[in-house]
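Student: Below is the file data-v5.cif, which contains mmCIF, C-alpha atoms and all ligand atoms.
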data_my_file
#
loop_
_atom_site.label_atom_id
_atom_site.label_comp_id
_atom_site.auth_asym_id
_atom_site.auth_seq_id
_atom_site.Cartn_x
_atom_site.Cartn_y
_atom_site.Cartn_z
CA MET A 272 161.13 -21.62 -88.38
CA ARG A 273 161.08 -18.06 -89.77
CA LYS A 274 159.75 -16.80 -86.43
CA PHE A 275 162.56 -18.57 -84.60
CA LYS A 276 165.19 -17.16 -86.97
CA ASN A 277 163.91 -13.59 -86.47
CA GLY A 278 163.84 -14.16 -82.76
CA SER A 279 167.42 -15.40 -82.64
CA ILE A 280 168.67 -12.48 -84.84
CA LEU A 281 166.94 -10.07 -82.44
CA LEU A 282 168.56 -11.91 -79.51
CA ILE A 283 172.02 -11.65 -81.14
CA ILE A 284 171.52 -7.90 -81.82
CA LEU A 285 170.43 -7.39 -78.22
CA LEU A 286 173.46 -9.38 -77.08
CA ILE A 287 175.81 -7.23 -79.23
CA VAL A 288 174.25 -4.04 -77.87
CA ALA A 289 174.57 -5.36 -74.33
CA ILE A 290 178.20 -6.39 -74.88
CA SER A 291 179.05 -3.03 -76.46
CA LEU A 292 177.50 -1.18 -73.53
CA ALA A 293 179.32 -3.41 -71.03
CA GLY A 294 182.58 -2.85 -72.96
CA CYS A 295 182.19 0.92 -72.81
CA SER A 296 181.24 1.19 -69.15
CA SER A 297 183.95 -1.13 -67.84
CA LYS A 298 187.44 0.36 -68.27
CA LYS A 299 189.24 -2.95 -68.62
CA PRO A 300 187.08 -5.61 -70.34
CA LYS A 301 188.35 -9.06 -69.48
CA ALA A 302 189.43 -10.93 -72.64
CA GLU A 303 188.07 -14.32 -71.48
CA GLU A 304 184.52 -13.05 -70.83
CA SER A 305 184.42 -11.25 -74.17
CA VAL A 306 185.48 -14.37 -76.05
CA VAL A 307 182.70 -16.53 -74.50
CA LEU A 308 180.01 -13.97 -75.26
CA LEU A 309 181.24 -13.26 -78.77
CA GLU A 310 181.19 -16.92 -79.88
CA GLU A 311 177.91 -16.45 -81.78
CA LYS A 312 179.04 -13.34 -83.70
CA ASP A 313 180.42 -13.41 -87.23
CA GLU A 314 184.13 -12.82 -87.78
CA ALA A 315 183.75 -9.18 -88.93
CA GLN A 316 181.87 -8.33 -85.76
CA ILE A 317 184.46 -10.11 -83.60
CA GLU A 318 187.27 -8.22 -85.29
CA LYS A 319 185.45 -4.93 -84.73
CA GLU A 320 184.87 -5.78 -81.08
CA GLU A 321 188.52 -6.76 -80.59
CA GLU A 322 189.74 -3.55 -82.20
CA HIS A 323 187.41 -1.57 -79.99
CA SER A 324 188.54 -3.32 -76.81
CA GLU A 325 192.20 -2.95 -77.87
CA ASP A 326 191.60 0.76 -78.33
CA LEU A 327 190.08 0.90 -74.89
CA GLU A 328 193.04 -0.95 -73.38
CA GLU A 329 195.48 1.38 -75.10
CA LYS A 330 193.52 4.35 -73.83
CA ASP A 331 193.57 2.86 -70.34
CA GLU A 332 197.33 2.38 -70.54
CA ILE A 333 197.87 6.01 -71.58
CA GLU A 334 195.53 7.15 -68.84
CA ASP A 335 197.49 5.01 -66.36
CA VAL A 336 200.77 6.68 -67.33
CA GLU A 337 199.40 10.19 -67.24
CA LEU A 338 196.72 10.18 -64.59
CA SER A 339 196.81 7.14 -62.33
CA PRO A 340 196.13 8.50 -58.84
CA GLU A 341 198.33 5.79 -57.31
CA GLU A 342 201.27 6.94 -59.41
CA VAL A 343 200.60 10.60 -58.57
CA ILE A 344 200.60 9.63 -54.90
CA ASP A 345 203.78 7.58 -55.42
CA ILE A 346 205.53 10.57 -57.03
CA ALA A 347 204.31 12.89 -54.28
CA LYS A 348 205.54 10.40 -51.67
CA THR A 349 208.96 10.15 -53.33
CA ASP A 350 209.25 13.97 -53.35
CA SER A 351 208.15 14.42 -49.75
CA GLU A 352 210.34 11.58 -48.60
CA GLU A 353 213.55 13.12 -49.95
CA PRO A 354 214.30 15.39 -46.96
CA VAL A 355 213.57 12.46 -44.63
CA VAL A 356 216.14 10.38 -46.48
CA GLU A 357 218.66 13.22 -46.11
CA ALA A 358 217.90 13.49 -42.41
CA GLU A 359 218.48 9.76 -42.06
CA GLU A 360 221.79 10.10 -43.87
CA ILE A 361 222.83 12.89 -41.49
CA ASN A 362 221.85 10.72 -38.51
CA THR A 363 223.88 7.86 -39.95
CA ASP A 364 226.85 10.21 -40.29
CA LYS A 365 226.47 11.28 -36.67
CA GLN A 366 226.32 7.68 -35.55
CA ALA A 367 229.43 6.94 -37.57
CA ASP A 368 231.17 9.92 -35.93
CA LYS A 369 230.29 8.66 -32.45
CA THR A 370 232.13 5.43 -33.13
CA GLU A 371 235.00 7.23 -34.88
CA PRO A 372 236.02 10.30 -32.81
CA ILE A 373 239.01 11.06 -35.09
CA LYS A 374 236.63 11.61 -38.01
CA GLU A 375 234.57 14.10 -35.95
CA THR A 376 237.61 16.24 -35.18
CA GLU A 377 238.44 16.40 -38.88
CA LYS A 378 234.86 17.41 -39.65
CA GLU A 379 234.88 20.24 -37.07
CA GLU A 380 238.06 21.64 -38.56
CA VAL A 381 236.49 21.69 -42.02
CA VAL A 382 233.33 23.40 -40.70
CA GLU A 383 235.35 26.03 -38.87
CA LYS A 384 237.44 26.86 -41.94
CA LYS A 385 234.27 27.08 -43.98
CA ASN A 386 232.76 29.51 -41.43
CA ALA A 387 235.80 31.76 -41.25
CA ILE A 388 235.54 35.42 -42.31
CA LYS A 389 237.40 36.36 -45.46
CA ILE A 390 238.79 39.88 -45.87
CA LYS A 391 239.81 40.73 -49.42
CA GLY A 392 240.54 43.69 -51.66
CA LYS A 393 242.50 46.80 -50.77
CA VAL A 394 244.33 45.39 -47.75
CA GLY A 395 248.01 44.69 -47.14
CA VAL A 396 247.23 41.16 -45.95
CA GLU A 397 244.25 39.34 -47.45
CA SER A 398 243.11 37.19 -44.54
CA THR A 399 240.76 34.44 -43.43
CA PHE A 400 240.03 34.50 -39.72
CA THR A 401 238.52 31.58 -37.86
CA LEU A 402 236.44 32.10 -34.73
CA ASP A 403 239.27 30.77 -32.54
CA GLU A 404 241.69 33.26 -34.08
CA LEU A 405 239.30 36.18 -33.48
CA LYS A 406 238.77 35.14 -29.85
CA LYS A 407 242.52 35.36 -29.26
CA MET A 408 242.59 39.07 -30.27
CA THR A 409 241.56 40.02 -26.72
CA ASP A 410 242.77 43.65 -26.98
CA ILE A 411 240.28 44.47 -29.76
CA ILE A 412 237.25 42.56 -28.45
CA PHE A 413 234.24 44.78 -27.63
CA GLU A 414 231.18 43.81 -25.59
CA ASP A 415 228.07 45.84 -24.61
CA ASP A 416 224.31 46.28 -24.95
CA PHE A 417 223.37 47.69 -28.35
CA TYR A 418 220.18 49.61 -29.05
CA SER A 419 218.37 48.81 -32.29
CA LEU A 420 215.61 50.52 -34.27
CA ASN A 421 214.09 48.84 -37.34
CA ASN A 422 211.93 50.03 -40.24
CA PHE A 423 208.72 49.25 -38.34
CA GLY A 424 209.77 51.35 -35.33
CA THR A 425 210.52 48.29 -33.21
CA THR A 426 213.29 48.91 -30.67
CA SER A 427 215.32 46.66 -28.41
CA TYR A 428 218.53 46.32 -26.42
CA THR A 429 220.70 43.31 -27.09
CA HIS A 430 224.00 42.28 -25.58
CA PHE A 431 226.72 41.44 -28.11
CA LYS A 432 230.36 40.39 -27.93
CA GLY A 433 232.70 40.52 -30.91
CA ILE A 434 235.70 42.03 -32.64
CA ASN A 435 236.17 45.76 -33.30
CA LEU A 436 235.93 45.79 -37.12
CA TRP A 437 238.01 48.90 -37.74
CA LYS A 438 240.81 47.69 -35.48
CA LEU A 439 240.77 44.31 -37.23
CA LEU A 440 241.07 46.01 -40.64
CA GLU A 441 243.73 48.45 -39.48
CA GLU A 442 245.89 46.26 -37.25
CA LYS A 443 245.49 42.76 -38.69
CA THR A 444 244.81 43.18 -42.42
CA LYS A 445 246.60 46.54 -42.86
CA ILE A 446 243.87 48.31 -44.83
CA SER A 447 245.25 50.36 -47.75
CA PRO A 448 245.34 54.18 -47.40
CA ASP A 449 243.47 54.51 -50.71
CA ALA A 450 240.55 52.25 -49.64
CA THR A 451 237.16 54.01 -49.85
CA TYR A 452 234.35 51.47 -49.41
CA ILE A 453 233.82 48.36 -47.31
CA LYS A 454 231.22 45.74 -48.23
CA ILE A 455 229.90 43.25 -45.70
CA ILE A 456 228.47 40.26 -47.56
CA ALA A 457 226.39 37.41 -46.09
CA THR A 458 226.02 33.85 -47.32
CA ASP A 459 222.40 34.57 -48.34
CA GLY A 460 223.58 37.38 -50.61
CA TYR A 461 222.49 40.19 -48.26
CA GLU A 462 225.11 42.93 -48.20
CA VAL A 463 225.63 46.37 -46.76
CA GLU A 464 228.21 48.87 -47.99
CA PHE A 465 229.91 51.49 -45.82
CA THR A 466 232.45 54.20 -46.47
CA VAL A 467 235.82 53.73 -44.75
CA GLY A 468 234.87 56.71 -42.57
CA GLN A 469 231.72 54.94 -41.37
CA VAL A 470 233.68 51.83 -40.40
CA LYS A 471 236.46 53.88 -38.78
CA ARG A 472 234.03 55.73 -36.53
CA GLN A 473 234.19 54.67 -32.86
CA ASP A 474 231.34 56.84 -31.53
CA TYR A 475 228.07 55.39 -32.83
CA ILE A 476 225.26 56.31 -30.45
CA ASP A 477 222.31 54.84 -28.57
CA GLU A 478 219.64 57.55 -28.83
CA THR A 479 218.26 56.49 -25.46
CA ASN A 480 221.62 56.70 -23.65
CA PRO A 481 223.92 59.70 -24.39
CA ASP A 482 226.77 58.21 -22.32
CA LYS A 483 227.37 55.43 -24.83
CA ALA A 484 229.82 55.29 -27.75
CA TYR A 485 230.19 52.22 -29.92
CA PRO A 486 232.50 50.88 -32.62
CA MET A 487 231.20 48.63 -35.40
CA ILE A 488 231.74 45.05 -34.30
CA ILE A 489 231.55 41.59 -35.77
CA ALA A 490 229.77 39.68 -33.04
CA TRP A 491 229.99 35.93 -32.46
CA GLU A 492 228.03 36.04 -29.21
CA GLU A 493 224.48 37.40 -28.66
CA LYS A 494 222.84 37.50 -25.20
CA GLY A 495 225.75 35.44 -23.84
CA GLN A 496 225.31 32.70 -26.45
CA GLU A 497 227.48 31.89 -29.43
CA TYR A 498 225.70 31.48 -32.75
CA ASP A 499 224.84 27.96 -33.89
CA ILE A 500 227.29 27.13 -36.69
CA SER A 501 224.72 24.82 -38.28
CA ASP A 502 222.73 27.98 -39.19
CA GLY A 503 225.66 29.42 -41.15
CA PRO A 504 228.78 31.49 -40.39
CA PRO A 505 228.50 32.51 -36.72
CA TYR A 506 229.04 36.23 -37.27
CA LYS A 507 226.78 39.28 -37.20
CA LEU A 508 227.75 42.86 -37.92
CA ILE A 509 226.49 45.16 -35.16
CA VAL A 510 226.33 48.93 -35.61
CA GLY A 511 225.01 51.60 -33.28
CA GLN A 512 223.01 54.58 -34.54
CA ALA A 513 224.76 57.25 -36.64
CA GLU A 514 222.37 59.87 -35.20
CA VAL A 515 219.06 60.13 -33.33
CA GLY A 516 216.32 58.32 -35.26
CA ASP A 517 218.78 56.28 -37.32
CA VAL A 518 217.19 52.98 -38.37
CA ASN A 519 220.25 50.81 -37.66
CA LYS A 520 218.80 47.28 -37.51
CA PRO A 521 218.89 46.61 -41.29
CA GLN A 522 222.68 47.08 -41.15
CA TRP A 523 223.04 44.16 -38.78
CA VAL A 524 224.24 41.67 -41.41
CA SER A 525 224.03 38.13 -40.08
CA LYS A 526 225.89 35.03 -41.40
CA ILE A 527 228.79 37.12 -42.71
CA ASP A 528 230.77 35.34 -45.40
CA ARG A 529 233.26 38.00 -46.46
CA ILE A 530 234.36 41.60 -46.25
CA ILE A 531 235.48 43.32 -49.43
CA VAL A 532 237.55 46.48 -49.25
CA GLU A 533 237.40 48.69 -52.36
N1 LIG B 1 222.27 37.89 -43.79
C1 LIG B 1 221.23 38.73 -43.62
N2 LIG B 1 221.27 39.65 -42.68
C2 LIG B 1 220.25 40.53 -42.50
C3 LIG B 1 219.12 40.49 -43.33
C4 LIG B 1 219.09 39.49 -44.33
O1 LIG B 1 218.13 39.35 -45.11
N3 LIG B 1 220.15 38.63 -44.44
N4 LIG B 1 218.10 41.40 -43.15
C5 LIG B 1 218.41 42.63 -42.42
C6 LIG B 1 217.23 43.40 -42.03
S1 LIG B 1 216.44 44.29 -43.25
C7 LIG B 1 216.82 43.49 -40.73
S2 LIG B 1 215.56 44.49 -40.24
C8 LIG B 1 217.46 42.67 -39.69
C9 LIG B 1 216.43 41.77 -39.05
O2 LIG B 1 217.04 41.09 -38.02
P1 LIG B 1 216.24 40.00 -37.21
O3 LIG B 1 215.89 38.92 -38.18
O4 LIG B 1 217.15 39.56 -36.13
O5 LIG B 1 215.01 40.70 -36.66
O6 LIG B 1 218.50 41.81 -40.18
C10 LIG B 1 219.28 42.39 -41.20
N5 LIG B 1 220.35 41.46 -41.52
MO MO B 2 214.44 44.80 -42.25
#
Please rewrite the model in this file as C-alpha cells.
Tutor:
Amino acid sequence: MRKFKNGSILLIILLIVAISLAGCSSKKPKAEESVVLLEEKDEAQIEKEEEHSEDLEEKDEIEDVELSPEEVIDIAKTDSEEPVVEAEEINTDKQADKTEPIKETEKEEVVEKKNAIKIKGKVGVESTFTLDELKKMTDIIFEDDFYSLNNFGTTSYTHFKGINLWKLLEEKTKISPDATYIKIIATDGYEVEFTVGQVKRQDYIDETNPDKAYPMIIAWEEKGQEYDISDGPPYKLIVGQAEVGDVNKPQWVSKIDRIIVE
C-alpha cells in the first residue's frame, strides 16, 4: 500500500513535470488537453498551471501584435500595393474619359493651365502663358542646334525650338526699366538666377562653331519632339555658352514653373 502510494506520487510528479515542459515548449497550449491531464492535480497546482498558461497566452497575443510574420507581410503588402491601387484608379479615370469625351476636353484645359509659365515681379503685365499662346508668337520663336558642356566635360548638340525669352519679357510682359535679376524656377525647386543683361544678350556662343549666335530660349520642343506634359511643365530653358569653356548645361532648367523678375 505504502509502495503503491509512493509510486503514484512519483507518477503524478513526473506527470506535472511532463505537462510543465509540454506547456513551455508549445506556444499555445490547448485548454481541453490541459484539463484532462490536470484532473489528478490538487486545486492549488491547477490554479498555478492555469495562471502559467494564461500568461503564456497573453505573451503569445502580445507577440502576435508586435511580431507576427503574417501581419508584417500583410502590412508590407498593403504598402507595396498602394501605387498599384493608384494606377488602377488612373486607368479607371481614363476609361471613364473614353466614354465621356466632354470630360476629357475639360481635363486637358486644366492640365494646360497648370503647365503654363507664370511671369511675375517687376513687369508691366504679370502674365501666365499657355503653350498654345507661346506657339502663336511666331515672330519671336527661335529654333537651332545648341551645343552643351556639363560639369563632367560631356558635350552634345541638341536641336531645340522655343520662345526668345528676352523678347517675351520685353514685348509681352513689358519688363520694368529698374529690373535687375531674373529667376527661372522649376517645379522641383531647381532655379537659376541671371542678371537682366545676361537674359538680354542675343549672342551666346557655341565654342565649336564661331558662326553661331544664340538668344536664351524657353524650349517646348527637343529633337523635333514636344515634351510629355505628364512629366511636368513642358518647358526647358536653353542657353548657349557665355564664352569658350563655359559649362552651360546646368543652366538648362527643365520643367519651368515660373519666372520672377526682381
Ligand atoms: N528642373 C531641373 N532642371 C535641371 C536640373 C534639375 O535638377 N532640375 N539639373 C541641372 C543640371 S545640374 C544639369 S547638368 C542638367 C542635366 O540635364 P540632363 O538631365 O538632361 O542631362 O539639367 C539641369 N536642369
Ligand atoms: Mo549637373
Student: Residues up to 7 Å from ligand MO 2 (chain B), counting all atoms listed in the file: could you list those as a ChimeraX atom specification?
Tutor: /A:421-422,520-521
Student: What gap, in Å, lies between atom CA of A:Thr399 and atom CA of A:Lys443?
Tutor: 10.7 Å
Student: Residues contacting ligand LIG 1 (chain B) - anything with an atom at most 12 Å away, using all atoms listed in the file - can you give me those as a PyMOL selection string?
Tutor: chain A and resi 419-429+455-463+493+502-510+518-529
Student: Which neighbours of A:Met408 fall inside 9 Å, counting all atoms listed in the file, when residues of the same chain fewer than 3 positions from it are skipped, and could you give them as a ChimeraX atom specification?
Tutor: /A:404-405,411-412,434,439
Student: Excluding same-chain residues fewer than 6 positions from A:His430, what lies within 9 Å of it counting all atoms listed in the file, as a PDB file with C-alpha atoms, in the frame of the given file?
Tutor:
ATOM      1  CA  GLU A 414     231.180  43.810 -25.590  1.00  0.00           C
ATOM      2  CA  ASP A 415     228.070  45.840 -24.610  1.00  0.00           C
ATOM      3  CA  ASP A 416     224.310  46.280 -24.950  1.00  0.00           C
ATOM      4  CA  PHE A 417     223.370  47.690 -28.350  1.00  0.00           C
ATOM      5  CA  TYR A 418     220.180  49.610 -29.050  1.00  0.00           C
ATOM      6  CA  GLU A 492     228.030  36.040 -29.210  1.00  0.00           C
ATOM      7  CA  GLU A 493     224.480  37.400 -28.660  1.00  0.00           C
ATOM      8  CA  LYS A 494     222.840  37.500 -25.200  1.00  0.00           C
ATOM      9  CA  GLY A 495     225.750  35.440 -23.840  1.00  0.00           C
TER      10      GLY A 495
END
Student: So that I can check the surroundings of A:Lys438, please list as a short mmCIF file (atom, residue, chain, number, x, y, z; two decimals) with C-alpha atoms, in the coordinates of the input every protein, DNA and RNA residue that reaches within 12 Å of it, counting only C-alpha atoms and ignoring chain neighbours fewer than 6 positions away.
Tutor:
data_model
loop_
_atom_site.label_atom_id
_atom_site.label_comp_id
_atom_site.auth_asym_id
_atom_site.auth_seq_id
_atom_site.Cartn_x
_atom_site.Cartn_y
_atom_site.Cartn_z
CA LEU A 405 239.30 36.18 -33.48
CA MET A 408 242.59 39.07 -30.27
CA THR A 409 241.56 40.02 -26.72
CA ASP A 410 242.77 43.65 -26.98
CA ILE A 411 240.28 44.47 -29.76
CA ILE A 412 237.25 42.56 -28.45
CA PHE A 413 234.24 44.78 -27.63
CA THR A 444 244.81 43.18 -42.42
CA LYS A 445 246.60 46.54 -42.86
CA ILE A 446 243.87 48.31 -44.83
CA VAL A 470 233.68 51.83 -40.40
CA LYS A 471 236.46 53.88 -38.78
CA ARG A 472 234.03 55.73 -36.53
CA GLN A 473 234.19 54.67 -32.86
CA PRO A 486 232.50 50.88 -32.62
CA MET A 487 231.20 48.63 -35.40
CA ILE A 488 231.74 45.05 -34.30
CA ILE A 489 231.55 41.59 -35.77
#
Student: Axis-aligned box over every listed atom of stretch 479-485 of chain A, padded by 6 Å per side: centre and edges in Å to one decimal, as AutoDock Vina command-line options?
Tutor:
--center_x 224.2 --center_y 56.0 --center_z -26.1 --size_x 23.9 --size_y 19.5 --size_z 19.6
Student: One decimal, Å: what's the distance from atom CA of A:Gly516 over to atom CA of A:Ala484, could you say?
Tutor: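 Atom-to-atom, atom CA of A:Gly516 and atom CA of A:Ala484 are spaced 15.7 Å apart.
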Student: May I ask for the distance between atom CA of A:Val532 and atom CA of A:Gly511, given in Å to one decimal place?
Tutor: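 Those two atoms sit 20.9 Å apart.
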Student: Using all atoms listed in the file, find the one residue out of A:Glu533, A:Trp437, A:Glu497, A:Gln512 that sits nearest to A:Val394.
Tutor: A:Glu533
Student: Which is closest to A:Ile530 among A:Ile453, A:Thr401, A:Asn386, A:Val396, if we use only C-alpha atoms?
Tutor: A:Ile453
Student: Using all atoms listed in the file for the distances, tell me which of A:Leu436, A:Ala387, A:Ile531, A:Val515 is nearest to A:Asn480.
Tutor: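 Of A:Leu436, A:Ala387, A:Ile531, A:Val515, the one nearest A:Asn480 is A:Val515, counting all atoms listed in the file.
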